[in-house]
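Trainee: Contents are mmCIF, C-alpha atoms; file name model.cif:
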data_structure
loop_
_atom_site.group_PDB
_atom_site.id
_atom_site.type_symbol
_atom_site.label_atom_id
_atom_site.label_comp_id
_atom_site.auth_asym_id
_atom_site.auth_seq_id
_atom_site.Cartn_x
_atom_site.Cartn_y
_atom_site.Cartn_z
ATOM 1 C CA MET A 1 -11.324 -10.402 0.060
ATOM 2 C CA ASP A 2 -12.651 -10.268 -3.497
ATOM 3 C CA GLY A 3 -13.947 -6.876 -4.474
ATOM 4 C CA ILE A 4 -13.295 -3.418 -5.796
ATOM 5 C CA GLY A 5 -10.573 -1.617 -3.911
ATOM 6 C CA VAL A 6 -11.677 1.681 -2.422
ATOM 7 C CA GLU A 7 -9.368 4.475 -1.471
ATOM 8 C CA PRO A 8 -6.990 4.438 0.255
ATOM 9 C CA ALA A 9 -6.242 1.062 -1.432
ATOM 10 C CA PHE A 10 -4.141 3.090 -3.887
ATOM 11 C CA PRO A 11 -4.451 6.757 -4.871
ATOM 12 C CA VAL A 12 -6.562 6.966 -8.007
ATOM 13 C CA ARG A 13 -4.850 10.163 -9.136
ATOM 14 C CA LEU A 14 -1.440 8.472 -9.047
ATOM 15 C CA LEU A 15 -2.715 5.527 -11.067
ATOM 16 C CA SER A 16 -4.109 7.960 -13.637
ATOM 17 C CA LEU A 17 -0.794 9.844 -13.894
ATOM 18 C CA LEU A 18 1.123 6.606 -14.431
ATOM 19 C CA CYS A 19 -1.257 5.558 -17.223
ATOM 20 C CA ASP A 20 -0.688 8.889 -18.944
ATOM 21 C CA GLU A 21 3.106 8.685 -18.572
ATOM 22 C CA LEU A 22 3.233 5.122 -19.931
ATOM 23 C CA ASP A 23 0.684 5.729 -22.707
ATOM 24 C CA ALA A 24 -1.293 2.853 -21.193
ATOM 25 C CA THR A 25 -4.375 3.250 -23.366
ATOM 26 C CA GLY A 26 -5.771 -0.022 -22.014
ATOM 27 C CA GLY A 27 -5.781 1.312 -18.475
ATOM 28 C CA GLY A 28 -4.071 0.361 -15.249
ATOM 29 C CA VAL A 29 -4.811 -1.692 -12.185
ATOM 30 C CA TRP A 30 -3.624 -1.955 -8.593
ATOM 31 C CA GLN A 31 -4.170 -5.522 -7.446
ATOM 32 C CA ARG A 32 -3.493 -7.573 -4.341
ATOM 33 C CA VAL A 33 -3.828 -11.364 -4.648
ATOM 34 C CA ASP A 34 -3.857 -14.135 -2.071
ATOM 35 C CA TRP A 35 -1.623 -16.522 -3.961
ATOM 36 C CA ARG A 36 -2.973 -19.602 -2.216
ATOM 37 C CA THR A 37 -6.674 -19.021 -2.895
ATOM 38 C CA GLY A 38 -6.664 -16.584 -5.796
ATOM 39 C CA ASP A 39 -8.953 -14.200 -3.933
ATOM 40 C CA SER A 40 -8.032 -10.649 -4.783
ATOM 41 C CA GLU A 41 -8.807 -6.983 -4.417
ATOM 42 C CA LEU A 42 -8.289 -4.554 -7.246
ATOM 43 C CA PHE A 43 -8.711 -0.953 -8.229
ATOM 44 C CA LEU A 44 -9.134 -0.027 -11.885
ATOM 45 C CA HIS A 45 -8.424 3.035 -13.951
ATOM 46 C CA GLY A 46 -9.363 3.237 -17.616
ATOM 47 C CA GLN A 47 -11.605 0.160 -17.631
ATOM 48 C CA PRO A 48 -15.336 -0.054 -16.825
ATOM 49 C CA GLN A 49 -16.136 -1.183 -13.300
ATOM 50 C CA ALA A 50 -18.485 -3.737 -14.842
ATOM 51 C CA SER A 51 -15.408 -5.761 -15.852
ATOM 52 C CA VAL A 52 -14.332 -6.250 -12.220
ATOM 53 C CA PRO A 53 -16.115 -9.605 -11.615
ATOM 54 C CA THR A 54 -14.616 -11.007 -14.813
ATOM 55 C CA LEU A 55 -11.115 -9.852 -13.823
ATOM 56 C CA LEU A 56 -11.480 -11.330 -10.338
ATOM 57 C CA GLN A 57 -12.529 -14.687 -11.749
ATOM 58 C CA ALA A 58 -9.724 -14.625 -14.303
ATOM 59 C CA THR A 59 -7.186 -13.931 -11.563
ATOM 60 C CA ARG A 60 -8.447 -16.889 -9.560
ATOM 61 C CA THR A 61 -8.274 -19.344 -12.463
ATOM 62 C CA LEU A 62 -5.304 -18.033 -14.485
ATOM 63 C CA ARG A 63 -2.898 -16.681 -11.851
ATOM 64 C CA HIS A 64 -0.536 -19.665 -12.092
ATOM 65 C CA THR A 65 -0.177 -19.141 -15.848
ATOM 66 C CA HIS A 66 0.071 -15.345 -15.879
ATOM 67 C CA PRO A 67 3.798 -14.619 -16.400
ATOM 68 C CA LEU A 68 3.729 -11.293 -14.539
ATOM 69 C CA LEU A 69 1.876 -12.657 -11.508
ATOM 70 C CA VAL A 70 4.124 -15.729 -11.412
ATOM 71 C CA ALA A 71 7.235 -13.522 -11.473
ATOM 72 C CA CYS A 72 5.882 -11.449 -8.579
ATOM 73 C CA ALA A 73 5.096 -14.623 -6.613
ATOM 74 C CA ARG A 74 8.750 -15.608 -7.057
ATOM 75 C CA GLY A 75 9.743 -12.304 -5.498
ATOM 76 C CA GLU A 76 10.792 -10.713 -8.794
ATOM 77 C CA LEU A 77 9.441 -7.193 -8.343
ATOM 78 C CA ALA A 78 11.429 -5.291 -10.956
ATOM 79 C CA PRO A 79 9.409 -3.750 -13.831
ATOM 80 C CA LEU A 80 8.787 -6.333 -16.517
ATOM 81 C CA THR A 81 6.695 -6.656 -19.665
ATOM 82 C CA ALA A 82 4.466 -9.663 -20.229
ATOM 83 C CA GLN A 83 6.461 -10.543 -23.348
ATOM 84 C CA GLN A 84 9.690 -10.601 -21.345
ATOM 85 C CA ALA A 85 8.178 -12.620 -18.512
ATOM 86 C CA ALA A 86 6.614 -15.133 -20.906
ATOM 87 C CA GLY A 87 9.866 -15.676 -22.793
ATOM 88 C CA GLY A 88 9.175 -13.744 -25.965
ATOM 89 C CA ARG A 89 6.447 -12.314 -28.171
ATOM 90 C CA SER A 90 5.285 -15.679 -29.530
ATOM 91 C CA ALA A 91 5.049 -17.233 -26.060
ATOM 92 C CA TRP A 92 2.989 -14.286 -24.800
ATOM 93 C CA GLN A 93 0.643 -14.486 -27.788
ATOM 94 C CA ARG A 94 0.022 -18.167 -27.040
ATOM 95 C CA SER A 95 -0.686 -17.464 -23.384
ATOM 96 C CA PRO A 96 -4.284 -17.950 -22.204
ATOM 97 C CA CYS A 97 -3.802 -14.757 -20.199
ATOM 98 C CA GLN A 98 -3.077 -12.806 -23.388
ATOM 99 C CA ARG A 99 -6.160 -14.273 -25.017
ATOM 100 C CA PHE A 100 -8.265 -13.226 -22.036
ATOM 101 C CA LEU A 101 -6.786 -9.718 -22.046
ATOM 102 C CA ALA A 102 -7.568 -9.476 -25.763
ATOM 103 C CA THR A 103 -11.258 -9.504 -24.840
ATOM 104 C CA LEU A 104 -10.645 -6.182 -23.073
ATOM 105 C CA VAL A 105 -7.824 -4.616 -25.097
ATOM 106 C CA GLU A 106 -7.098 -5.192 -28.773
ATOM 107 C CA SER A 107 -3.589 -6.672 -29.398
ATOM 108 C CA PRO A 108 -2.773 -6.328 -25.711
ATOM 109 C CA GLN A 109 0.632 -5.617 -24.238
ATOM 110 C CA MET A 110 1.246 -5.491 -20.492
ATOM 111 C CA VAL A 111 3.856 -4.165 -18.105
ATOM 112 C CA SER A 112 3.928 -4.496 -14.330
ATOM 113 C CA VAL A 113 5.862 -3.201 -11.355
ATOM 114 C CA GLY A 114 5.813 -5.190 -8.122
ATOM 115 C CA LEU A 115 5.011 -3.631 -4.784
ATOM 116 C CA ARG A 116 5.074 -6.793 -2.661
ATOM 117 C CA GLY A 117 5.617 -10.413 -3.590
ATOM 118 C CA GLY A 118 6.024 -13.916 -2.282
ATOM 119 C CA SER A 119 4.395 -17.303 -1.984
ATOM 120 C CA THR A 120 1.454 -16.063 0.098
ATOM 121 C CA GLU A 121 0.525 -12.673 -1.366
ATOM 122 C CA VAL A 122 1.417 -10.585 -4.389
ATOM 123 C CA CYS A 123 0.630 -6.937 -4.939
ATOM 124 C CA GLY A 124 1.546 -4.681 -7.813
ATOM 125 C CA LEU A 125 0.546 -2.320 -10.568
ATOM 126 C CA ALA A 126 -0.069 -3.426 -14.144
ATOM 127 C CA PHE A 127 -0.734 -1.405 -17.277
ATOM 128 C CA ALA A 128 -2.059 -2.397 -20.693
ATOM 129 C CA ARG A 129 -2.073 -0.964 -24.159
ATOM 130 C CA SER A 130 -2.571 -1.989 -27.776
ATOM 131 C CA GLY A 131 0.104 -2.414 -30.425
ATOM 132 C CA THR A 132 3.820 -2.496 -29.700
ATOM 133 C CA ASP A 133 5.299 -3.625 -26.427
ATOM 134 C CA PHE A 134 6.223 -1.172 -23.690
ATOM 135 C CA THR A 135 9.614 0.382 -24.384
ATOM 136 C CA PRO A 136 12.853 0.167 -22.379
ATOM 137 C CA ALA A 137 12.257 3.824 -21.506
ATOM 138 C CA ALA A 138 8.939 2.859 -19.889
ATOM 139 C CA LEU A 139 10.674 0.152 -17.870
ATOM 140 C CA SER A 140 13.370 2.608 -16.777
ATOM 141 C CA PHE A 141 10.709 5.083 -15.695
ATOM 142 C CA LEU A 142 8.929 2.430 -13.610
ATOM 143 C CA ALA A 143 12.236 1.370 -12.053
ATOM 144 C CA GLU A 144 12.924 4.965 -11.028
ATOM 145 C CA VAL A 145 9.532 5.486 -9.420
ATOM 146 C CA GLN A 146 9.219 1.979 -7.912
ATOM 147 C CA PRO A 147 10.649 2.959 -4.475
ATOM 148 C CA VAL A 148 8.139 5.815 -4.280
ATOM 149 C CA LEU A 149 5.273 3.533 -5.325
ATOM 150 C CA GLN A 150 6.275 0.967 -2.707
ATOM 151 C CA ALA A 151 6.407 3.689 -0.055
ATOM 152 C CA VAL A 152 2.915 4.857 -1.061
ATOM 153 C CA ASP A 153 1.699 1.259 -0.880
ATOM 154 C CA ARG A 154 3.102 0.834 2.636
ATOM 155 C CA HIS A 155 1.567 4.138 3.688
ATOM 156 C CA VAL A 156 -1.947 3.424 2.443
ATOM 157 C CA THR A 157 -1.784 -0.168 3.721
ATOM 158 C CA ARG A 158 -1.014 1.021 7.248
ATOM 159 C CA LEU A 159 -3.802 3.588 7.072
ATOM 160 C CA SER A 160 -6.226 0.951 5.797
ATOM 161 C CA ARG A 161 -5.360 -1.332 8.697
ATOM 162 C CA TRP A 162 -5.791 1.546 11.139
ATOM 163 C CA SER A 163 -9.157 2.344 9.574
ATOM 164 C CA ASP A 164 -10.223 -1.310 9.816
ATOM 165 C CA THR A 165 -9.209 -1.686 13.481
ATOM 166 C CA SER A 166 -9.860 1.785 14.879
ATOM 167 C CA PRO A 167 -13.122 2.764 16.586
ATOM 168 C CA ALA A 168 -16.016 3.926 14.439
ATOM 169 C CA GLY A 169 -15.633 7.569 13.487
ATOM 170 C CA ALA A 170 -11.867 7.662 14.073
ATOM 171 C CA ALA A 171 -11.156 9.150 10.635
ATOM 172 C CA GLU A 172 -13.621 11.969 11.315
ATOM 173 C CA VAL A 173 -11.968 12.674 14.669
ATOM 174 C CA ALA A 174 -8.519 12.766 13.052
ATOM 175 C CA GLY A 175 -9.771 15.257 10.485
ATOM 176 C CA ARG A 176 -11.463 17.412 13.095
ATOM 177 C CA ILE A 177 -8.311 17.875 15.172
ATOM 178 C CA GLY A 178 -6.129 18.289 12.069
ATOM 179 C CA LEU A 179 -4.039 15.116 12.128
ATOM 180 C CA THR A 180 -2.320 14.355 8.837
ATOM 181 C CA SER A 181 -2.222 10.803 7.511
ATOM 182 C CA ARG A 182 1.476 10.556 8.411
ATOM 183 C CA GLU A 183 0.766 11.768 11.953
ATOM 184 C CA VAL A 184 -1.873 9.049 12.271
ATOM 185 C CA GLU A 185 0.757 6.505 11.217
ATOM 186 C CA VAL A 186 3.157 7.828 13.831
ATOM 187 C CA LEU A 187 0.434 7.737 16.495
ATOM 188 C CA VAL A 188 -0.178 4.057 15.770
ATOM 189 C CA LEU A 189 3.545 3.302 16.034
ATOM 190 C CA VAL A 190 3.761 5.263 19.292
ATOM 191 C CA ALA A 191 0.863 3.183 20.636
ATOM 192 C CA GLU A 192 2.737 0.029 19.616
ATOM 193 C CA GLY A 193 5.678 1.166 21.728
ATOM 194 C CA LEU A 194 8.181 1.506 18.885
ATOM 195 C CA THR A 195 11.330 3.523 19.460
ATOM 196 C CA ALA A 196 12.155 6.449 17.203
ATOM 197 C CA THR A 197 14.769 4.327 15.450
ATOM 198 C CA ALA A 198 12.322 1.498 14.794
ATOM 199 C CA ALA A 199 9.612 3.939 13.717
ATOM 200 C CA SER A 200 11.969 5.658 11.275
ATOM 201 C CA ARG A 201 12.808 2.310 9.682
ATOM 202 C CA ARG A 202 9.125 1.394 9.442
ATOM 203 C CA LEU A 203 8.237 4.729 7.863
ATOM 204 C CA GLY A 204 11.333 5.090 5.685
ATOM 205 C CA CYS A 205 12.285 8.488 7.105
ATOM 206 C CA SER A 206 14.863 9.973 9.469
ATOM 207 C CA ILE A 207 14.709 9.809 13.255
ATOM 208 C CA ARG A 208 14.556 13.602 13.268
ATOM 209 C CA THR A 209 11.424 13.486 11.093
ATOM 210 C CA VAL A 210 9.811 11.005 13.490
ATOM 211 C CA HIS A 211 10.486 13.368 16.415
ATOM 212 C CA LYS A 212 9.004 16.215 14.387
ATOM 213 C CA HIS A 213 5.789 14.264 13.793
ATOM 214 C CA VAL A 214 5.624 13.264 17.453
ATOM 215 C CA GLY A 215 5.975 16.918 18.443
ATOM 216 C CA HIS A 216 3.068 17.817 16.184
ATOM 217 C CA LEU A 217 1.028 15.006 17.732
ATOM 218 C CA PHE A 218 1.691 16.342 21.239
ATOM 219 C CA GLN A 219 0.620 19.823 20.162
ATOM 220 C CA LYS A 220 -2.586 18.726 18.469
ATOM 221 C CA LEU A 221 -3.558 16.315 21.241
ATOM 222 C CA GLN A 222 -2.468 18.876 23.893
ATOM 223 C CA VAL A 223 -0.300 16.386 25.797
ATOM 224 C CA HIS A 224 3.326 16.276 26.904
ATOM 225 C CA ASP A 225 4.418 12.638 26.566
ATOM 226 C CA ARG A 226 3.792 9.421 24.660
ATOM 227 C CA LEU A 227 1.547 7.810 27.242
ATOM 228 C CA GLY A 228 -0.532 10.958 27.431
ATOM 229 C CA ALA A 229 -0.842 10.945 23.640
ATOM 230 C CA VAL A 230 -2.119 7.358 23.626
ATOM 231 C CA LEU A 231 -4.554 7.982 26.488
ATOM 232 C CA GLU A 232 -5.927 11.103 24.809
ATOM 233 C CA ALA A 233 -6.168 9.329 21.438
ATOM 234 C CA GLN A 234 -8.150 6.545 23.080
ATOM 235 C CA ARG A 235 -10.393 9.044 24.864
ATOM 236 C CA LEU A 236 -11.100 10.802 21.567
ATOM 237 C CA GLY A 237 -11.788 7.514 19.773
ATOM 238 C CA LEU A 238 -8.684 7.482 17.580
ATOM 239 C CA LEU A 239 -7.297 4.251 19.055
ATOM 240 C CA ARG A 240 -8.744 1.181 20.677
ATOM 241 C CA PHE A 241 -7.849 0.179 24.217
ATOM 242 C CA PRO A 242 -5.623 -1.429 25.380
ATOM 243 C CA SER A 243 -2.413 -0.384 23.648
ATOM 244 C CA PRO A 244 0.838 -2.395 23.721
ATOM 245 C CA LEU A 245 2.433 0.738 25.176
ATOM 246 C CA PHE A 246 0.757 -0.001 28.517
ATOM 247 C CA ARG A 247 2.606 -3.321 28.689
ATOM 248 C CA SER A 248 6.004 -1.656 28.238
ATOM 249 C CA ARG A 249 8.009 -1.448 31.464
ATOM 250 C CA ALA A 250 9.864 1.539 30.040
ATOM 251 C CA TYR A 251 6.645 3.559 29.817
ATOM 252 C CA SER A 252 4.718 3.075 33.041
ATOM 253 C CA PRO A 253 2.294 5.826 34.118
ATOM 254 C CA VAL A 254 4.801 6.853 36.812
ATOM 255 C CA ALA A 255 7.631 7.278 34.304
ATOM 256 C CA ALA A 256 5.420 9.058 31.796
ATOM 257 C CA GLY A 257 4.186 11.458 34.450
ATOM 258 C CA ARG A 258 7.576 13.155 34.656
ATOM 259 C CA GLY A 259 6.717 15.343 31.698
ATOM 260 C CA HIS A 260 7.837 15.482 28.065
ATOM 261 C CA GLU A 261 9.917 12.414 27.334
ATOM 262 C CA PRO A 262 11.345 12.082 23.817
ATOM 263 C CA LEU A 263 11.141 8.811 21.951
ATOM 264 C CA PRO A 264 14.062 6.548 22.932
ATOM 265 C CA THR A 265 16.511 5.732 20.159
#
Translate this file's structure into C-alpha cells.
Mentor:
Amino acid sequence: MDGIGVEPAFPVRLLSLLCDELDATGGGVWQRVDWRTGDSELFLHGQPQASVPTLLQATRTLRHTHPLLVACARGELAPLTAQQAAGGRSAWQRSPCQRFLATLVESPQMVSVGLRGGSTEVCGLAFARSGTDFTPAALSFLAEVQPVLQAVDRHVTRLSRWSDTSPAGAAEVAGRIGLTSREVEVLVLVAEGLTATAASRRLGCSIRTVHKHVGHLFQKLQVHDRLGAVLEAQRLGLLRFPSPLFRSRAYSPVAAGRGHEPLPT
C-alpha cells in the first residue's frame, strides 16, 4: 500500500484551500495508515514529493508514539493539536515525532482532523506550521467542516474502489456518456441491489435525491429499469459481470421487463 496517493485519493485543491485557511505554512497531508503494519498511502501539499519515502518510513516506525495518530486509532476523530494530544507543550517538544517533524518544519506545530479511525486503519488530514500552536478558532473551523471532509473522503474512496475493480477504460466510458461521479456511485449501488433507503444512507442524501440520480442514469444509459441499467453498464464496460442484482429475487429479468420500476424503499 505504501506510496504517493493519486487523485481521487483526496482532492488536491481542497487540501490547498485548507492549508490557506489554517495558515499551515508547513503544508498538509491526507494519509491512510494500516495500523497493524504501518503501511500507508499519503498525498502531500506544500512539501516536496522527495520527502515521501522518509514520511512513509517515519509513519511505520513512529506511529505508536505519534499522539495524533494514536488518538485516531482510539477512534477520537475530533480536531486536535499535537500539543493537546501529547498532554502539553513540553510533552510534545520531547516527542520523537516532534523531533522528526522539526527536520521538515522549523519549530513545528501540528493539527489533525480524523476522517476514519480504529484499531485496523486510520485516515485523516494533518497540517503543520512553525511558531505558535494552532488556535481554538482553527479547531472550531475544522470541526465545522469535518462532516463535509468525511463525506468527500467517502465519495472519493468509493470512486477509487470502483476504478480499481471496474473494467479497463470504464472511467473513459463514463466521461463519454456524461456520467457524473455521483451518478457512477449510484450505479454501483444499484448494481449491488441496494434499496433507495439504503442508498440514501450510504450516500448521505435524501431518498428523493437518489431517485433523481437514478432517473438521470436511465436517461443517459437509455434504459427504463434497474436491471436494464446494469446490463447496459456491463455492455458498455462500466461494470464487471456478474452483479449482485442478478441474485436478487426481487429483480428477476421477468420482473424488470415490466418497464420502469422505481427503487424500492
Trainee: Identify which of the residues A:Val210, A:Leu187, A:Leu55, A:Val173 lies closest to Cys97 of chain A, counting all atoms listed in the file when measuring atom-to-atom distances.
Mentor: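 Among A:Val210, A:Leu187, A:Leu55, A:Val173, it is A:Leu55 that comes nearest to Cys97 of chain A.
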Trainee: Please provide the set of residues having any atom within 9 Å of Leu56 of chain A, restricted to all atoms listed in the file, with same-chain residues fewer than 3 positions apart removed, written as a list in words.
Mentor: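 What passes the distance filter is Asp2, Gly3, Gly38, Asp39, Ser40, Glu41, Leu42, Ser51, Val52, Pro53, Thr59, Arg60 and Thr61 of chain A.
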Trainee: Calculated over all atoms listed in the file, which of the candidates A:Ser112, A:Thr103, A:Gln150, A:Thr54 has the smallest distance to Val29 of chain A?
Mentor: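 Checking each candidate against Val29 of chain A, we get A:Ser112 as the closest.
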Trainee: Using atom CA of His45 of chain A and atom CA of Ser130 of chain A as the two end points, give the distance in Å to one decimal.
Mentor: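 So the answer is 15.8 Å.
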Trainee: Please write as a PDB file with C-alpha atoms, in the frame of the given file the full residue list that the PyMOL selection byres ((chain A and resi 16) around 10) yields on this file.
Mentor:
ATOM      1  CA  PRO A  11      -4.451   6.757  -4.871  1.00  0.00           C
ATOM      2  CA  VAL A  12      -6.562   6.966  -8.007  1.00  0.00           C
ATOM      3  CA  ARG A  13      -4.850  10.163  -9.136  1.00  0.00           C
ATOM      4  CA  LEU A  14      -1.440   8.472  -9.047  1.00  0.00           C
ATOM      5  CA  LEU A  15      -2.715   5.527 -11.067  1.00  0.00           C
ATOM      6  CA  LEU A  17      -0.794   9.844 -13.894  1.00  0.00           C
ATOM      7  CA  LEU A  18       1.123   6.606 -14.431  1.00  0.00           C
ATOM      8  CA  CYS A  19      -1.257   5.558 -17.223  1.00  0.00           C
ATOM      9  CA  ASP A  20      -0.688   8.889 -18.944  1.00  0.00           C
ATOM     10  CA  GLU A  21       3.106   8.685 -18.572  1.00  0.00           C
ATOM     11  CA  ALA A  24      -1.293   2.853 -21.193  1.00  0.00           C
ATOM     12  CA  GLY A  27      -5.781   1.312 -18.475  1.00  0.00           C
ATOM     13  CA  GLY A  28      -4.071   0.361 -15.249  1.00  0.00           C
ATOM     14  CA  VAL A  29      -4.811  -1.692 -12.185  1.00  0.00           C
ATOM     15  CA  LEU A  44      -9.134  -0.027 -11.885  1.00  0.00           C
ATOM     16  CA  HIS A  45      -8.424   3.035 -13.951  1.00  0.00           C
ATOM     17  CA  GLY A  46      -9.363   3.237 -17.616  1.00  0.00           C
TER      18      GLY A  46
END
Trainee: How about completing segment 32-41 of chain A with all heavy atoms and giving it to me as a PDB file, in the frame of the given file?
Mentor:
ATOM      1  N   ARG A  32      -4.080  -6.763  -5.411  1.00  0.00           N
ATOM      2  CA  ARG A  32      -3.493  -7.573  -4.341  1.00  0.00           C
ATOM      3  C   ARG A  32      -4.149  -8.950  -4.407  1.00  0.00           C
ATOM      4  O   ARG A  32      -5.373  -9.053  -4.439  1.00  0.00           O
ATOM      5  CB  ARG A  32      -3.746  -6.923  -2.988  1.00  0.00           C
ATOM      6  CG  ARG A  32      -3.206  -7.694  -1.790  1.00  0.00           C
ATOM      7  CD  ARG A  32      -3.269  -6.829  -0.539  1.00  0.00           C
ATOM      8  NE  ARG A  32      -4.634  -6.423  -0.234  1.00  0.00           N
ATOM      9  CZ  ARG A  32      -5.464  -7.085   0.564  1.00  0.00           C
ATOM     10  NH1 ARG A  32      -5.072  -8.239   1.098  1.00  0.00           N
ATOM     11  NH2 ARG A  32      -6.687  -6.626   0.816  1.00  0.00           N
ATOM     12  N   VAL A  33      -3.322 -10.010  -4.431  1.00  0.00           N
ATOM     13  CA  VAL A  33      -3.828 -11.364  -4.648  1.00  0.00           C
ATOM     14  C   VAL A  33      -3.317 -12.296  -3.559  1.00  0.00           C
ATOM     15  O   VAL A  33      -2.117 -12.344  -3.272  1.00  0.00           O
ATOM     16  CB  VAL A  33      -3.381 -11.919  -6.030  1.00  0.00           C
ATOM     17  CG1 VAL A  33      -3.969 -13.314  -6.257  1.00  0.00           C
ATOM     18  CG2 VAL A  33      -3.781 -10.974  -7.150  1.00  0.00           C
ATOM     19  N   ASP A  34      -4.230 -13.031  -2.945  1.00  0.00           N
ATOM     20  CA  ASP A  34      -3.857 -14.135  -2.071  1.00  0.00           C
ATOM     21  C   ASP A  34      -3.435 -15.288  -2.969  1.00  0.00           C
ATOM     22  O   ASP A  34      -4.268 -15.877  -3.666  1.00  0.00           O
ATOM     23  CB  ASP A  34      -5.044 -14.540  -1.195  1.00  0.00           C
ATOM     24  CG  ASP A  34      -4.680 -15.616  -0.172  1.00  0.00           C
ATOM     25  OD1 ASP A  34      -3.943 -16.551  -0.530  1.00  0.00           O
ATOM     26  OD2 ASP A  34      -5.155 -15.523   0.973  1.00  0.00           O
ATOM     27  N   TRP A  35      -2.149 -15.575  -2.981  1.00  0.00           N
ATOM     28  CA  TRP A  35      -1.623 -16.522  -3.961  1.00  0.00           C
ATOM     29  C   TRP A  35      -2.146 -17.933  -3.736  1.00  0.00           C
ATOM     30  O   TRP A  35      -2.242 -18.737  -4.659  1.00  0.00           O
ATOM     31  CB  TRP A  35      -0.098 -16.515  -3.928  1.00  0.00           C
ATOM     32  CG  TRP A  35       0.531 -17.176  -5.121  1.00  0.00           C
ATOM     33  CD1 TRP A  35       1.284 -18.313  -5.130  1.00  0.00           C
ATOM     34  CD2 TRP A  35       0.433 -16.751  -6.486  1.00  0.00           C
ATOM     35  NE1 TRP A  35       1.679 -18.618  -6.425  1.00  0.00           N
ATOM     36  CE2 TRP A  35       1.172 -17.662  -7.271  1.00  0.00           C
ATOM     37  CE3 TRP A  35      -0.198 -15.682  -7.108  1.00  0.00           C
ATOM     38  CZ2 TRP A  35       1.286 -17.545  -8.646  1.00  0.00           C
ATOM     39  CZ3 TRP A  35      -0.082 -15.554  -8.483  1.00  0.00           C
ATOM     40  CH2 TRP A  35       0.656 -16.483  -9.231  1.00  0.00           C
ATOM     41  N   ARG A  36      -2.515 -18.249  -2.513  1.00  0.00           N
ATOM     42  CA  ARG A  36      -2.973 -19.602  -2.216  1.00  0.00           C
ATOM     43  C   ARG A  36      -4.398 -19.841  -2.705  1.00  0.00           C
ATOM     44  O   ARG A  36      -4.717 -20.907  -3.225  1.00  0.00           O
ATOM     45  CB  ARG A  36      -2.890 -19.864  -0.709  1.00  0.00           C
ATOM     46  CG  ARG A  36      -1.454 -19.830  -0.165  1.00  0.00           C
ATOM     47  CD  ARG A  36      -1.440 -19.627   1.331  1.00  0.00           C
ATOM     48  NE  ARG A  36      -1.989 -18.313   1.699  1.00  0.00           N
ATOM     49  CZ  ARG A  36      -1.960 -17.811   2.922  1.00  0.00           C
ATOM     50  NH1 ARG A  36      -1.407 -18.505   3.894  1.00  0.00           N
ATOM     51  NH2 ARG A  36      -2.476 -16.617   3.165  1.00  0.00           N
ATOM     52  N   THR A  37      -5.263 -18.841  -2.548  1.00  0.00           N
ATOM     53  CA  THR A  37      -6.674 -19.021  -2.895  1.00  0.00           C
ATOM     54  C   THR A  37      -7.067 -18.352  -4.205  1.00  0.00           C
ATOM     55  O   THR A  37      -8.067 -18.719  -4.810  1.00  0.00           O
ATOM     56  CB  THR A  37      -7.571 -18.443  -1.789  1.00  0.00           C
ATOM     57  OG1 THR A  37      -7.399 -17.017  -1.732  1.00  0.00           O
ATOM     58  CG2 THR A  37      -7.220 -19.058  -0.438  1.00  0.00           C
ATOM     59  N   GLY A  38      -6.303 -17.344  -4.607  1.00  0.00           N
ATOM     60  CA  GLY A  38      -6.664 -16.584  -5.796  1.00  0.00           C
ATOM     61  C   GLY A  38      -7.619 -15.436  -5.518  1.00  0.00           C
ATOM     62  O   GLY A  38      -7.944 -14.663  -6.424  1.00  0.00           O
ATOM     63  N   ASP A  39      -8.111 -15.339  -4.288  1.00  0.00           N
ATOM     64  CA  ASP A  39      -8.953 -14.200  -3.933  1.00  0.00           C
ATOM     65  C   ASP A  39      -8.150 -12.919  -4.077  1.00  0.00           C
ATOM     66  O   ASP A  39      -6.958 -12.885  -3.752  1.00  0.00           O
ATOM     67  CB  ASP A  39      -9.456 -14.317  -2.495  1.00  0.00           C
ATOM     68  CG  ASP A  39     -10.453 -15.445  -2.323  1.00  0.00           C
ATOM     69  OD1 ASP A  39     -10.972 -15.924  -3.334  1.00  0.00           O
ATOM     70  OD2 ASP A  39     -10.693 -15.847  -1.174  1.00  0.00           O
ATOM     71  N   SER A  40      -8.788 -11.869  -4.556  1.00  0.00           N
ATOM     72  CA  SER A  40      -8.032 -10.649  -4.783  1.00  0.00           C
ATOM     73  C   SER A  40      -8.889  -9.420  -4.593  1.00  0.00           C
ATOM     74  O   SER A  40     -10.117  -9.476  -4.535  1.00  0.00           O
ATOM     75  CB  SER A  40      -7.400 -10.638  -6.180  1.00  0.00           C
ATOM     76  OG  SER A  40      -8.390 -10.614  -7.184  1.00  0.00           O
ATOM     77  N   GLU A  41      -8.202  -8.303  -4.491  1.00  0.00           N
ATOM     78  CA  GLU A  41      -8.807  -6.983  -4.417  1.00  0.00           C
ATOM     79  C   GLU A  41      -8.136  -6.143  -5.482  1.00  0.00           C
ATOM     80  O   GLU A  41      -6.916  -6.217  -5.660  1.00  0.00           O
ATOM     81  CB  GLU A  41      -8.575  -6.381  -3.038  1.00  0.00           C
ATOM     82  CG  GLU A  41      -9.149  -4.992  -2.832  1.00  0.00           C
ATOM     83  CD  GLU A  41      -8.794  -4.422  -1.468  1.00  0.00           C
ATOM     84  OE1 GLU A  41      -7.933  -5.006  -0.784  1.00  0.00           O
ATOM     85  OE2 GLU A  41      -9.371  -3.383  -1.106  1.00  0.00           O
TER      86      GLU A  41
END
